[in-house]
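**Q** For reference, the structure I am asking about is given below.
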Amino acid sequence: MTTPLPRPGAARTAAEFVARLRGVKAWSRLSYRALERRARRVGDQLPASTVATSLNRVSLPSEEVVAALVRACGGDPAAVREWVEARRALTLSDHFVSAVGMPEQAPGPSAEPGTASPAAPAGPEPGTHAGPRPDGPAARQVAPCLLPPDLPLFVGRDGELSETLRLLDLTSSGPVTMLISGPAGVGKTAFAVRLGHLLAAQFPDGQLYIDLGGFGDEPLEPITVLGAFLRALGVRGGTVPSELMSRIHLYRTLLAQRQMLIVLDNAATTRQVTDLLPNGGRCAAIVTSRTTLADLGSRRLSLGTLDQAAGLALLGEMLGRERAAAEPAAARSIVETCSGLPLAVWVAGARLAARPHWPLTKVAQALADEQRRLDELAVGDVAVRASLELTYRGMTPTAQQALLMLSLSPGPDFAAWTLAALLDTTLSDAEAILDDLVEVHLVEIGAVGASGFRYRLHDLVRLLGRELLEREVPRRSRTEALTRLLGASLHLTDLTADALGADFQGGPQAQMVSWRLPATDTDQFVADPVAWFDDERRFLIALVDQALDDAGTGPAAGPATGLAAGLTTFFQVRSHFDEWERLQGQALKAALHAADLRSAAKLHRCLGELTTILDRYPEALEHFEQALLLAHGQDLAFQASATAGLAYVHRLLGQYDPAVRHFEEAVDLARSVGNVNCLVYATNGIGVIDLEQGRVAAARQRFEECLGMSRAAGYRPGEAQALRCLGQSHRALGTYPIAADCFRQAASISEDLGDRLSATHANCWLGDVLVRQGEHAEGRRLLARSLWTYREFGNLWGEAATVYALAEAQLAAGRPVQARRRAEAAVDLWRRVGARSWLAVGLDTLAEAHRLAGDPVASSRIRAEASAVRAAGM
């Protein structure tokens, strides 16, 4: 600058003095924010809001503000002294006294402007404190109140406020420190300020507040903050010690005699706040931070995001409740896409509040686009992206890389092994890195599952991570990370499915596994395979969806389709039929598009099993036939399982000749490759055909053989199936107690496996034999429960079997009319699914119900139909 800094001159009024001071600010060409930053560098506290307020009113700014402002604008010590003396002279002038109508007492030799002279009374008055001054005799000092204004828009934190007030327990002896932590934008500052105002009356000696700027470009050092606090406590600027330790000693000396609240906002480290904590027994400190400040001795409260009701309340307060209520769907969408982050909701609300002509749907639609969401969440100088990025820039390079790679994972939550695969590191290293991310609240920690802790990225953090990932990580590195993740997922899925021992389709897909954890890290997962799947199900499904959407025919397509097929065992055991069909249908299209015949064959086999369960037998036949066609001449173990599945569908349709032929082929193939599970499945199928055709002794022999093989191999689903079939054999022989015991054992095994549908198969027939034993109440209870479960899963065959058993129960109770209605329902269902052998059984019961109801003609007609059905299936 070529012109010198403006001088105060002989200002005659406060308004004239302030106008000349505005000239100093204009001369500097610095913004309010720039002045605030410059002041910090030299130890002054000069908030931008204070400068703006001081330069836009007619009353005199304080001496400290004048000095700090002139220094920040570039004034040298002489200029600062000239401006302070001019301000002091104006205070003492008669003209100033008459202009403002408030005479101030002239300071005595040891007094400062705005304080009493030595002759004034020394006792405390309301709003003042008493005690020895570091630079003179006893005096009265106005109690500092540096808290920012309390925000009028404050919703959804009543519970947290009550909990914090309880934790603070100001009745206890000694100073109390309270840490409020949480992610960027969660409202920590607003919470701390509201808390400070609620507590202000309990701290009559004042409240100090400072924004430490912990995650900004220029975080405040303790020595700088101590200088500002000491001046606020009445220490003259010229007598503030220059050394850190001397400032600490003086600060503690002053606070030891006072009852004060210290609010330290936006701390990055414990070092930033340790020297600022009060030591007075009647003092308290509130610290806010994006990190957990683990080494800070304090009481703690972590702020989470707002629930939908609180988010809607905040939006309603900003826009007016009528405007928000007029578009409820759009309001809910805004809150949901902001994922409950108060800053994001506030920004969206502020944009709408400034544009009353905008419909809420305009912002809701813009936020729904992930590519635009962070751009939309900005208003004025406030931006969600900038707030989150400050935290990111303050992390170590390793933590930054981890956050970027985690944004590749599909969510909604994940376990530590996910990060281990993405970073190509060990499980313990991944857990340590996640601890660092949890520390700064960029990753949230959830419940403990079979894979350890579950973690979650906030949706807006994930979006920021993906933005930075695109800019900072090469595409090749991203592809390699995702390939490792798919490989690890496929390996763990195969490993846990094998540990469950419920599969008979063939060996694992080791050729597709490009990365795996060592066995020492996976022991905890295989200990409870079903629990592992329950924890990981949504993540694995989302990973397959994402890989199939992004990979096309690329290197990830094979592992993605392999993972979709690998989930079959768990889908079946846990009865997730809708997810099973959708995911594998999508994977099959991808495999066929990529000419990956091996994967396509496996997926046809899996979908054949599913459509069999869902009673869609023609589709099932098509899937099994396609599986065998595509796998011809390849994996014999796979061919055995597909052939057994094909045979099973023929049996359900009452097509016994092809069923026996395919079962026997499957037995030979399974025996040749040592696939015991498939051998059990196929042998059991032949036994069921024997039973349905009246060869009970032959059937029992096969079921007992299957039971022995299953127990020897640890194939528990096969054991449960053999027990169910043995139960059916004893039911046919009329040995009901033995049948009931077999069904109970089968149900117990299936329940242990978490397989509700198989357990229902056993409980349905248990209910039937209990009725036949005369235990009508318990039998009907089991049948009713089974009926609801079958209807829940949409299993028509099971529903038919249950209403058939209920018809038999009604016949046993001597109620043929009720039995007829049940039997008609069973017959209709078996007609729909095409189960000929059981259709004939149902027709027999229906004919008997008509006979007992006094309609022999209908009875004879229906028995003739039953005979025709049996003959057609021979």
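Simple scheme: letters A, B, ... for chains in structure tokens order, numbers from 1 for residues in each chain, numbers from 1 for ligands in the order shown.
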Can you list, as a VMD selection string, every protein, DNA or RNA residue that comes within 9 Å of Ser407 of chain A when you count only C-alpha atoms, leaving out same-chain residues fewer than 6 positions away?
**A** chain A and resid 457 461 to 466 469
**Q** Identify, on the basis of only C-alpha atoms, every residue whose closest approach to Val42 of chain A does not exceed 9 Å; exclude the query and any residue fewer than 4 positions from it along the same chain; express the result as a compact mmCIF listing (two decimals) with C-alpha atoms, in the first residue's frame.
**A**
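Here's the written file part_6.txt:
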```
# COMPACT_ATOMS: atom_id res chain seq x y z
CA ARG A 38 -4.53 -12.07 11.19
CA ARG A 71 -2.97 -4.33 14.57
CA ALA A 72 -4.76 -6.73 12.21
CA THR A 224 -2.92 -17.39 21.67
```
**Q** Find the residue from A:Leu315, A:Val857, A:Leu614, A:Ala826 that sits nearest to Gly349 of chain A; use only C-alpha atoms when measuring.
**A**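 Counting only C-alpha atoms, the residue closest to Gly349 of chain A is A:Leu315.
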**Q** Quick one: everything within 12 Å of Ala519 of chain A, counting only C-alpha atoms, minus sequence neighbours fewer than 4 positions away in the same chain. Send it as a list in words.
**A**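 The contact residues come out as Thr426, Leu427, His491, Leu492, Leu495, Asp523, Gln524, Phe525 and Val526 of chain A.
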